[in-house]
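Participant: One file is attached below, query-v3.txt, containing compact mmCIF, C-alpha atoms.
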# COMPACT_ATOMS: atom_id res chain seq x y z
CA MET B 1 18.20 -1.35 22.37
CA THR B 2 16.46 -3.33 25.06
CA SER B 3 15.37 -6.94 24.74
CA THR B 4 12.68 -7.77 27.28
CA SER B 5 10.02 -9.90 25.66
CA THR B 6 9.03 -12.60 23.24
CA ILE B 7 6.07 -12.81 20.91
CA THR B 8 4.27 -15.78 19.39
CA ALA B 9 3.07 -16.02 15.81
CA ARG B 10 -0.54 -15.47 16.83
CA GLU B 11 0.36 -12.52 19.07
CA LEU B 12 2.26 -11.05 16.13
CA ASN B 13 -0.85 -11.40 13.99
CA ARG B 14 -2.96 -9.59 16.59
CA ALA B 15 -0.40 -6.79 16.95
CA THR B 16 -0.48 -6.31 13.19
CA LEU B 17 -4.29 -6.25 13.08
CA ALA B 18 -4.46 -3.78 15.97
CA ARG B 19 -2.12 -1.31 14.32
CA GLN B 20 -3.80 -1.70 10.95
CA LEU B 21 -7.26 -1.04 12.47
CA LEU B 22 -8.52 -4.52 11.61
CA LEU B 23 -9.62 -5.65 15.06
CA ARG B 24 -12.49 -3.15 15.09
CA ARG B 25 -13.65 -0.27 12.98
CA GLU B 26 -12.38 2.93 14.56
CA PRO B 27 -14.15 6.35 14.68
CA LEU B 28 -11.43 8.26 12.83
CA GLY B 29 -11.41 10.74 9.98
CA VAL B 30 -9.66 9.64 6.81
CA ALA B 31 -6.62 11.89 7.25
CA ASP B 32 -5.98 10.70 10.80
CA ALA B 33 -6.56 7.10 9.74
CA VAL B 34 -4.02 7.25 6.92
CA ARG B 35 -1.51 8.80 9.30
CA ARG B 36 -2.08 5.84 11.64
CA LEU B 37 -1.82 3.31 8.82
CA LEU B 38 1.16 5.12 7.18
CA ALA B 39 0.41 4.04 3.59
CA LEU B 40 -2.42 2.51 1.59
CA GLN B 41 -1.62 0.58 -1.55
CA ALA B 42 -3.27 2.52 -4.38
CA GLN B 43 -2.31 0.66 -7.55
CA GLN B 44 -6.01 0.02 -8.14
CA PRO B 45 -8.08 3.20 -7.69
CA ALA B 46 -10.79 1.60 -5.55
CA SER B 47 -8.40 0.00 -3.09
CA PRO B 48 -7.78 2.95 -0.72
CA TYR B 49 -11.55 3.40 -0.40
CA LEU B 50 -12.12 -0.26 0.39
CA ALA B 51 -9.13 -0.32 2.74
CA LEU B 52 -10.68 2.50 4.79
CA TRP B 53 -14.19 1.01 4.57
CA ASN B 54 -12.80 -2.09 6.29
CA ARG B 55 -11.16 -0.05 9.03
CA LEU B 56 -13.30 3.00 9.88
CA ASP B 57 -16.61 3.30 11.65
CA GLY B 58 -19.01 5.33 9.50
CA PHE B 59 -16.52 5.77 6.67
CA ASP B 60 -17.75 8.36 4.15
CA PRO B 61 -16.02 7.99 0.77
CA ALA B 62 -16.76 11.64 0.01
CA GLU B 63 -14.32 12.53 2.79
CA LEU B 64 -11.60 10.63 0.96
CA ASP B 65 -12.57 12.33 -2.31
CA ALA B 66 -12.12 15.70 -0.59
CA ALA B 67 -8.80 14.72 0.98
CA PHE B 68 -7.46 13.76 -2.43
CA ALA B 69 -8.83 16.94 -4.01
CA ASP B 70 -7.17 19.29 -1.50
CA ARG B 71 -4.04 17.09 -1.32
CA THR B 72 -4.30 16.39 2.38
CA LEU B 73 -3.69 12.86 1.09
CA VAL B 74 -1.50 12.29 -1.93
CA LYS B 75 -1.12 9.39 -4.33
CA ALA B 76 2.32 8.81 -5.77
CA THR B 77 4.86 6.19 -6.78
CA LEU B 78 6.59 5.44 -3.49
CA LEU B 79 6.98 2.23 -1.50
CA ARG B 80 8.09 -0.79 -3.53
CA ILE B 81 8.08 1.62 -6.48
CA THR B 82 4.33 1.36 -6.82
CA LEU B 83 1.38 3.63 -6.14
CA HIS B 84 0.52 4.42 -2.53
CA THR B 85 -1.66 6.91 -0.72
CA VAL B 86 0.05 8.72 2.16
CA HIS B 87 -0.69 11.79 4.25
CA ARG B 88 1.02 14.87 2.88
CA ASP B 89 2.94 15.15 6.18
CA ASP B 90 4.46 11.72 5.55
CA TYR B 91 5.12 12.17 1.83
CA ARG B 92 8.46 13.90 2.27
CA THR B 93 9.75 11.30 4.75
CA VAL B 94 8.78 8.37 2.54
CA ARG B 95 10.05 10.02 -0.62
CA GLU B 96 13.41 11.01 0.86
CA ALA B 97 13.99 7.63 2.49
CA MET B 98 13.33 5.93 -0.85
CA GLN B 99 15.21 8.43 -2.96
CA PRO B 100 18.28 6.21 -3.58
CA THR B 101 16.02 3.35 -4.67
CA LEU B 102 13.86 5.56 -6.89
CA TYR B 103 16.88 7.10 -8.53
CA ALA B 104 18.67 3.80 -9.10
CA SER B 105 15.61 2.04 -10.48
CA ARG B 106 14.33 4.81 -12.71
CA LEU B 107 17.59 6.21 -14.06
CA GLY B 108 18.63 2.79 -15.28
CA TYR B 109 16.93 0.52 -17.77
CA ARG B 110 14.75 2.57 -20.14
CA PHE B 111 16.24 5.92 -19.15
CA ALA B 112 19.81 4.75 -19.70
CA ALA B 113 18.81 2.80 -22.82
CA ALA B 114 17.63 6.09 -24.32
CA GLY B 115 21.18 7.41 -23.97
CA LEU B 116 20.40 9.59 -20.96
CA THR B 117 22.46 9.93 -17.78
CA PRO B 118 21.79 10.96 -14.16
CA ALA B 119 23.32 14.33 -15.03
CA ASP B 120 20.64 14.75 -17.69
CA ALA B 121 17.95 14.00 -15.13
CA ALA B 122 19.33 16.58 -12.72
CA GLU B 123 19.46 19.18 -15.48
CA LEU B 124 15.90 18.47 -16.67
CA GLU B 125 14.24 18.25 -13.26
CA PRO B 126 13.90 21.97 -12.29
CA GLY B 127 12.15 22.93 -15.52
CA PHE B 128 10.12 19.74 -15.50
CA LEU B 129 8.77 20.52 -12.01
CA GLU B 130 8.10 24.13 -12.96
CA PHE B 131 6.03 22.92 -15.92
CA ALA B 132 4.23 20.49 -13.59
CA ALA B 133 3.28 23.25 -11.14
CA GLN B 134 -0.13 22.97 -12.82
CA PRO B 135 -1.81 19.59 -13.42
CA ARG B 136 -0.45 17.90 -16.55
CA SER B 137 -1.39 14.75 -18.42
CA ASN B 138 0.95 11.96 -19.47
CA SER B 139 1.07 13.41 -22.98
CA ASP B 140 1.72 16.95 -21.71
CA LEU B 141 4.77 15.89 -19.71
CA ALA B 142 6.07 13.53 -22.37
CA GLY B 143 5.69 16.34 -24.92
CA TRP B 144 7.66 18.74 -22.73
CA LEU B 145 10.46 16.19 -22.54
CA ALA B 146 10.34 15.52 -26.29
CA GLU B 147 11.05 19.21 -26.95
CA ARG B 148 14.22 18.96 -24.86
CA VAL B 149 15.65 15.51 -25.50
CA GLY B 150 14.09 14.65 -28.86
CA ALA B 151 11.23 12.38 -29.84
CA GLU B 152 13.45 9.29 -29.95
CA LYS B 153 14.47 9.72 -26.29
CA LYS B 154 11.10 10.94 -25.03
CA ASP B 155 9.74 7.59 -23.81
CA GLY B 156 12.89 6.71 -21.87
CA ALA B 157 13.06 10.19 -20.38
CA TRP B 158 9.44 10.06 -19.24
CA TRP B 159 9.96 6.58 -17.77
CA GLY B 160 12.75 7.94 -15.58
CA LEU B 161 11.47 11.39 -14.72
CA ARG B 162 7.99 10.32 -13.62
CA SER B 163 9.55 8.74 -10.50
CA TYR B 164 12.86 10.60 -10.31
CA ALA B 165 11.01 13.88 -9.98
CA PRO B 166 8.58 14.33 -7.06
CA LEU B 167 5.20 14.12 -8.78
CA VAL B 168 1.84 13.24 -7.26
CA HIS B 169 -1.31 12.15 -9.06
CA VAL B 170 -4.17 14.57 -9.64
CA PRO B 171 -7.76 13.36 -9.18
CA THR B 172 -9.34 12.83 -12.58
CA GLY B 173 -12.87 11.86 -11.56
CA GLY B 174 -14.66 8.55 -11.81
CA PRO B 175 -16.10 6.65 -8.86
CA TRP B 176 -12.74 6.40 -7.05
CA SER B 177 -11.18 9.86 -7.72
CA PHE B 178 -8.54 8.46 -10.08
CA GLU B 179 -8.91 6.82 -13.46
CA TYR B 180 -6.34 4.55 -15.07
CA SER B 181 -4.91 7.32 -17.26
CA PRO B 182 -3.22 9.58 -14.70
CA SER B 183 -2.52 13.28 -14.51
CA TYR B 184 0.29 14.69 -12.40
CA VAL B 185 1.34 17.77 -10.50
CA ALA B 186 4.58 18.66 -8.71
CA ALA B 187 4.57 17.47 -5.10
CA PRO B 188 3.60 20.02 -2.42
CA GLU B 189 7.15 20.66 -1.23
CA GLY B 190 8.99 20.35 -4.51
CA ARG B 191 12.43 18.77 -4.77
CA PHE B 192 14.01 17.36 -1.62
CA ILE B 193 17.68 17.78 -0.79
CA ASP B 194 17.89 16.48 2.79
CA ASP B 195 19.67 13.35 4.05
CA PRO B 196 17.92 10.09 2.98
CA GLU B 197 19.38 8.26 5.99
CA VAL B 198 17.76 10.68 8.44
CA ALA B 199 14.47 10.24 6.58
CA LEU B 200 14.87 6.46 6.69
CA ARG B 201 15.18 6.50 10.47
CA THR B 202 11.91 8.42 10.66
CA LEU B 203 10.29 6.01 8.21
CA VAL B 204 11.43 3.02 10.28
CA LEU B 205 9.71 4.48 13.35
CA ARG B 206 6.54 5.29 11.39
CA TYR B 207 6.54 1.78 9.90
CA LEU B 208 6.91 0.10 13.29
CA GLU B 209 4.07 2.23 14.68
CA GLY B 210 1.79 1.12 11.84
CA PHE B 211 2.99 -2.39 11.06
CA GLY B 212 5.27 -3.58 13.87
CA PRO B 213 6.78 -5.54 15.45
CA ALA B 214 8.92 -6.37 12.42
CA SER B 215 12.33 -7.57 11.33
CA ALA B 216 14.98 -5.68 9.40
CA ALA B 217 14.02 -7.78 6.36
CA ASP B 218 10.37 -6.77 6.78
CA ILE B 219 11.26 -3.09 6.86
CA ALA B 220 13.49 -3.41 3.80
CA GLN B 221 10.74 -5.25 1.92
CA PHE B 222 8.13 -2.64 2.82
CA ALA B 223 10.16 0.28 1.55
CA MET B 224 12.26 -1.58 -1.02
CA VAL B 225 15.51 -0.26 0.41
CA GLN B 226 18.75 -2.09 1.01
CA ARG B 227 18.88 -4.14 4.20
CA ALA B 228 22.23 -2.59 5.06
CA ARG B 229 20.55 0.83 5.18
CA VAL B 230 17.80 -0.55 7.43
CA ARG B 231 20.31 -2.19 9.79
CA ALA B 232 22.20 1.10 10.04
CA ALA B 233 18.96 2.95 10.80
CA LEU B 234 18.01 0.45 13.50
CA LYS B 235 21.44 0.82 15.08
CA GLU B 236 21.13 4.61 15.12
CA LEU B 237 17.67 4.41 16.71
CA GLY B 238 19.22 2.35 19.51
CA GLU B 239 17.41 2.60 22.83
CA THR B 240 14.30 4.16 21.29
CA LEU B 241 13.39 0.64 20.10
CA GLU B 242 12.61 -2.63 21.81
CA VAL B 243 14.08 -5.88 20.52
CA ILE B 244 11.69 -8.82 20.64
CA ALA B 245 12.36 -12.52 20.18
CA GLY B 246 9.92 -13.52 17.45
CA PRO B 247 8.68 -16.83 16.04
CA GLU B 248 11.31 -19.22 14.69
CA GLY B 249 14.08 -17.24 16.34
CA ARG B 250 13.59 -14.09 14.27
CA THR B 251 14.76 -10.82 15.77
CA LEU B 252 11.99 -8.24 15.68
CA TYR B 253 11.98 -4.54 16.50
CA ASP B 254 9.23 -2.35 17.85
CA VAL B 255 8.52 1.10 19.18
CA GLN B 256 8.33 1.30 22.94
CA GLY B 257 4.76 0.74 24.11
CA GLY B 258 3.40 -0.44 20.78
CA PRO B 259 0.06 -2.27 21.16
CA ARG B 260 0.30 -6.06 21.37
CA PRO B 261 -3.11 -7.56 22.14
CA PRO B 262 -3.42 -11.05 23.58
CA ALA B 263 -3.41 -13.99 21.19
CA ASP B 264 -7.07 -14.75 21.92
CA THR B 265 -8.31 -11.26 20.95
CA PRO B 266 -11.26 -11.74 18.57
CA ALA B 267 -10.67 -10.71 14.95
CA PRO B 268 -13.79 -10.03 12.87
CA PRO B 269 -14.16 -11.14 9.25
CA ARG B 270 -13.15 -8.62 6.62
CA PHE B 271 -13.26 -8.26 2.82
CA LEU B 272 -9.84 -6.76 2.10
CA PRO B 273 -9.23 -4.90 -1.18
CA MET B 274 -6.75 -5.84 -3.88
CA TRP B 275 -3.17 -5.18 -2.80
CA ASP B 276 -4.13 -4.35 0.77
CA SER B 277 -1.01 -3.07 2.50
CA VAL B 278 -1.30 -5.55 5.38
CA LEU B 279 -0.65 -8.36 2.87
CA LEU B 280 2.44 -6.77 1.32
CA ALA B 281 4.26 -4.91 4.08
CA TYR B 282 6.46 -7.81 5.21
CA ASP B 283 9.21 -10.08 4.00
CA ASP B 284 7.62 -12.83 6.10
CA ARG B 285 3.96 -12.57 5.12
CA SER B 286 2.90 -15.63 7.12
CA ARG B 287 1.74 -13.35 9.94
CA VAL B 288 -1.41 -12.76 7.84
CA ILE B 289 -1.21 -15.10 4.83
CA PRO B 290 -0.88 -18.84 5.52
CA PRO B 291 2.04 -20.00 3.35
CA GLU B 292 -0.09 -22.55 1.48
CA PHE B 293 -2.39 -19.74 0.28
CA ARG B 294 0.20 -17.16 -0.70
CA LYS B 295 0.43 -18.17 -4.36
CA LEU B 296 -3.35 -18.34 -4.61
CA VAL B 297 -3.85 -14.70 -3.67
CA THR B 298 -0.64 -13.31 -5.21
CA ARG B 299 -0.72 -14.15 -8.89
CA VAL B 300 2.24 -14.70 -11.19
CA ASN B 301 2.23 -11.11 -12.50
CA GLY B 302 2.02 -9.61 -9.01
CA ASP B 303 -1.74 -9.03 -8.86
CA VAL B 304 -2.90 -9.51 -5.27
CA LEU B 305 -6.54 -10.55 -5.24
CA PRO B 306 -9.21 -9.18 -2.88
CA THR B 307 -9.11 -11.49 0.10
CA LEU B 308 -11.29 -12.83 2.87
CA LEU B 309 -9.80 -12.30 6.31
CA VAL B 310 -11.11 -14.86 8.83
CA ASP B 311 -9.85 -14.88 12.40
CA GLY B 312 -7.10 -12.54 11.30
CA TYR B 313 -5.74 -14.69 8.45
CA VAL B 314 -6.36 -14.88 4.72
CA ALA B 315 -8.88 -17.65 4.13
CA GLY B 316 -10.04 -17.03 0.56
CA VAL B 317 -10.94 -14.44 -2.05
CA TRP B 318 -14.00 -12.43 -3.02
CA ARG B 319 -15.51 -10.62 -5.99
CA PRO B 320 -18.84 -8.99 -6.83
CA VAL B 321 -21.08 -11.11 -9.08
CA GLU B 322 -24.68 -10.94 -10.14
CA GLY B 323 -26.73 -11.42 -7.00
CA GLY B 324 -24.13 -10.47 -4.42
CA ILE B 325 -20.55 -11.06 -3.31
CA GLU B 326 -18.99 -14.38 -4.29
CA ALA B 327 -16.79 -15.54 -1.42
CA THR B 328 -14.49 -18.48 -2.14
CA ALA B 329 -12.92 -20.06 0.94
CA PHE B 330 -9.72 -22.10 0.62
CA HIS B 331 -10.74 -24.30 3.55
CA ASP B 332 -13.98 -25.24 5.27
CA LEU B 333 -15.49 -22.47 7.37
CA PRO B 334 -18.00 -22.94 10.20
CA ASP B 335 -21.54 -21.69 9.74
CA ALA B 336 -20.97 -18.92 12.27
CA VAL B 337 -18.10 -17.58 10.14
CA TRP B 338 -20.26 -17.65 7.02
CA ASP B 339 -22.90 -15.70 8.95
CA GLY B 340 -20.31 -13.05 9.80
CA LEU B 341 -19.14 -12.89 6.20
CA ALA B 342 -22.73 -12.57 5.01
CA GLU B 343 -23.26 -9.58 7.28
CA GLU B 344 -20.09 -7.94 5.99
CA ALA B 345 -21.11 -8.70 2.39
CA ARG B 346 -24.42 -6.90 2.83
CA ALA B 347 -22.61 -3.81 4.07
CA LEU B 348 -20.02 -4.06 1.28
CA LEU B 349 -22.70 -4.29 -1.42
CA ALA B 350 -24.44 -1.23 -0.01
CA PHE B 351 -21.13 0.64 -0.08
CA LEU B 352 -20.31 -0.40 -3.64
CA ALA B 353 -23.81 0.39 -4.91
CA ASP B 354 -23.09 4.11 -4.52
CA ARG B 355 -19.77 3.87 -6.38
CA ASP B 356 -19.13 0.84 -8.57
CA LEU B 357 -20.73 -2.58 -8.17
CA SER B 358 -18.38 -4.04 -10.78
CA VAL B 359 -15.22 -3.15 -8.86
CA TYR B 360 -12.24 -5.35 -9.79
CA SER B 361 -14.15 -6.96 -12.69
CA ARG B 362 -11.14 -6.50 -14.97
CA TYR B 363 -9.34 -9.12 -12.86
CA ALA B 364 -12.05 -11.79 -13.14
CA HIS B 365 -9.84 -14.02 -15.32
CA TRP B 366 -7.87 -15.04 -12.23
CA TRP B 367 -10.86 -16.91 -10.78
CA THR B 368 -10.71 -19.47 -13.60
CA LYS B 369 -7.17 -20.33 -12.46
CA LEU B 370 -8.02 -20.92 -8.79
CA PRO B 371 -8.52 -24.42 -7.43
CA ALA B 372 -12.04 -25.44 -6.47
CA GLY B 373 -13.04 -24.00 -3.14
CA GLN B 374 -16.00 -23.59 -0.88
CA ALA B 375 -17.80 -20.80 -2.78
CA ARG B 376 -20.99 -19.02 -1.80
CA VAL B 377 -22.77 -16.00 -3.25
CA LEU B 378 -23.65 -13.77 -0.32
CA PRO B 379 -26.61 -11.54 -1.22
CA GLY B 380 -27.24 -7.95 -0.30
Hey, can you dump this file as structure tokens for me?
Facilitator:
Amino acid sequence: MTSTSTITARELNRATLARQLLLRREPLGVADAVRRLLALQAQQPASPYLALWNRLDGFDPAELDAAFADRTLVKATLLRITLHTVHRDDYRTVREAMQPTLYASRLGYRFAAAGLTPADAAELEPGFLEFAAQPRSNSDLAGWLAERVGAEKKDGAWWGLRSYAPLVHVPTGGPWSFEYSPSYVAAPEGRFIDDPEVALRTLVLRYLEGFGPASAADIAQFAMVQRARVRAALKELGETLEVIAGPEGRTLYDVQGGPRPPADTPAPPRFLPMWDSVLLAYDDRSRVIPPEFRKLVTRVNGDVLPTLLVDGYVAGVWRPVEGGIEATAFHDLPDAVWDGLAEEARALLAFLADRDLSVYSRYAHWWTKLPAGQARVLPG
């Protein structure tokens, strides 16, 4: 590896925004955009749509509907063992790199408590995937398992197999393609038997392209893999990477030639969705979230609220209310910033009007627990 440069905290922020398409809306199709971004957090069905609305010029949600329907893009339990949208060409890499984590996490706890072993999982998987060659509901797959392991072990078996086996979600309709009660189908390429460490090296490169520069701890946090595995992958990648001296003495890694805009590059205001990947892809999240605001936007149960991005940093939260978008800033904002947010809010309301104006309303209880802020309702 070569070490030729340093990077400041603000330059790191701008590099992140550039790679995550948050410095300007880009004229990309949804499939190409998701390949650039690597992964979109999809725990809440609307979030991939809002993530792309923030990033793409002329974004048409029907294009994302179609990409989900033909499985150009797939939604599955992957990074950090939660739901993400990835391009089908990246699914295998991400899945294989995470395979040791997925197996360890899902074949313990409820699976083991049901009296089942990893050998049981391996024996069940081929038939399970054959049954899932056609779309199946939760109850269909749980019923199939009940016939083979017994009703008393069914719940534990389903808990393990839904992530142990390569399943992707099937669109079930609604305004955002997926409803909260999922259906599943076997992944496009079936079961993977290649080397997870080779896949991890590819994932490290893809992550640095989309989220770098980053530390070994950042990469491990993003994928929820052991840091020792990440360090070994970085060592193997060797001279293909650049080593950068980061803020506070942190060692960062990057692909050669990765974009790093100047610190004074303008960053427009944005209304990020819940669980936006740019907020969660790092061990050190201060590159986008000021430390004093982290607990305000990431709630005690892990919910990550929809956030205002001002000058490239989280500055508050937002939600639709009667009459417009309620924007709550955690610190005073200049009038010019409010003007920019108002313009974004008008566009956001127009976008939501065709899909779901009450998006994220089920999370409204969190607003009663926030400290008083500078709140304004921005009309359409």
Participant: Restricting the calculation to all atoms listed in the file, which member of B:Leu305, B:Gly324, B:Asp354, B:Leu208 is positioned closest to Tyr282 of chain B?
Facilitator: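 That would be B:Leu208, the residue with the smallest distance to Tyr282 of chain B.
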Participant: For Val288 of chain B, which residue among B:Asp276, B:Glu343, B:Asp254, B:Glu236 is the nearest when counting only C-alpha atoms?
Facilitator: B:Asp276
Participant: Applying 12 Å and all atoms listed in the file, which residues near Val359 of chain B remain after dropping the ones on its own chain fewer than 3 positions away? List them as an mmCIF file with C-alpha atoms, in the frame of the given file.
Facilitator:
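File selection01.cif, as written:
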data_model
loop_
_atom_site.group_PDB
_atom_site.id
_atom_site.type_symbol
_atom_site.label_atom_id
_atom_site.label_comp_id
_atom_site.auth_asym_id
_atom_site.auth_seq_id
_atom_site.Cartn_x
_atom_site.Cartn_y
_atom_site.Cartn_z
ATOM 1 C CA GLN B 44 -6.010 0.020 -8.140
ATOM 2 C CA PRO B 45 -8.080 3.200 -7.690
ATOM 3 C CA ALA B 46 -10.790 1.600 -5.550
ATOM 4 C CA SER B 47 -8.400 0.000 -3.090
ATOM 5 C CA TYR B 49 -11.550 3.400 -0.400
ATOM 6 C CA LEU B 50 -12.120 -0.260 0.390
ATOM 7 C CA PRO B 175 -16.100 6.650 -8.860
ATOM 8 C CA TRP B 176 -12.740 6.400 -7.050
ATOM 9 C CA PRO B 273 -9.230 -4.900 -1.180
ATOM 10 C CA MET B 274 -6.750 -5.840 -3.880
ATOM 11 C CA LEU B 305 -6.540 -10.550 -5.240
ATOM 12 C CA PRO B 306 -9.210 -9.180 -2.880
ATOM 13 C CA TRP B 318 -14.000 -12.430 -3.020
ATOM 14 C CA ARG B 319 -15.510 -10.620 -5.990
ATOM 15 C CA PRO B 320 -18.840 -8.990 -6.830
ATOM 16 C CA VAL B 321 -21.080 -11.110 -9.080
ATOM 17 C CA ILE B 325 -20.550 -11.060 -3.310
ATOM 18 C CA LEU B 348 -20.020 -4.060 1.280
ATOM 19 C CA LEU B 349 -22.700 -4.290 -1.420
ATOM 20 C CA PHE B 351 -21.130 0.640 -0.080
ATOM 21 C CA LEU B 352 -20.310 -0.400 -3.640
ATOM 22 C CA ALA B 353 -23.810 0.390 -4.910
ATOM 23 C CA ASP B 354 -23.090 4.110 -4.520
ATOM 24 C CA ARG B 355 -19.770 3.870 -6.380
ATOM 25 C CA ASP B 356 -19.130 0.840 -8.570
ATOM 26 C CA ARG B 362 -11.140 -6.500 -14.970
ATOM 27 C CA TYR B 363 -9.340 -9.120 -12.860
ATOM 28 C CA ALA B 364 -12.050 -11.790 -13.140
#
Participant: Which residues, written as a ChimeraX atom specification, have at least one atom at most 12 Å from Ala66 of chain B, with all atoms listed in the file counted and residues fewer than 3 positions away on the same chain left out?
Facilitator: /B:29-31,60-63,69-74,171,173,176-177
Participant: Near segment 255-272 of chain B, counting all atoms listed in the file, which residues have an atom at most 9 Å away, once you skip same-chain residues fewer than 4 positions from it, shown as a count of residues only?
Facilitator: 45
Participant: Counting all atoms listed in the file, figure out which residue out of B:Ser181, B:Ser163, B:Ser277, B:Asn138 gets nearest to Ala42 of chain B.
Facilitator: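 Answer, going by the shortest atom-to-atom distance: B:Ser277.
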Participant: Report as JSON lines the residues of segment 61-112 of chain B within 7 Å of segment 217-227 of chain B, each with its shortest atom pair and distance in Å (one decimal), using all atoms listed in the file, ordered by chain and increasing residue number.
Facilitator:
{"residue": "B:Leu79", "atom": "CA", "partner": "B:Ala223", "partner_atom": "CA", "distance": 4.8}
{"residue": "B:Arg80", "atom": "CA", "partner": "B:Met224", "partner_atom": "CA", "distance": 4.9}
{"residue": "B:Met98", "atom": "CA", "partner": "B:Val225", "partner_atom": "CA", "distance": 6.7}
{"residue": "B:Thr101", "atom": "CA", "partner": "B:Val225", "partner_atom": "CA", "distance": 6.3}
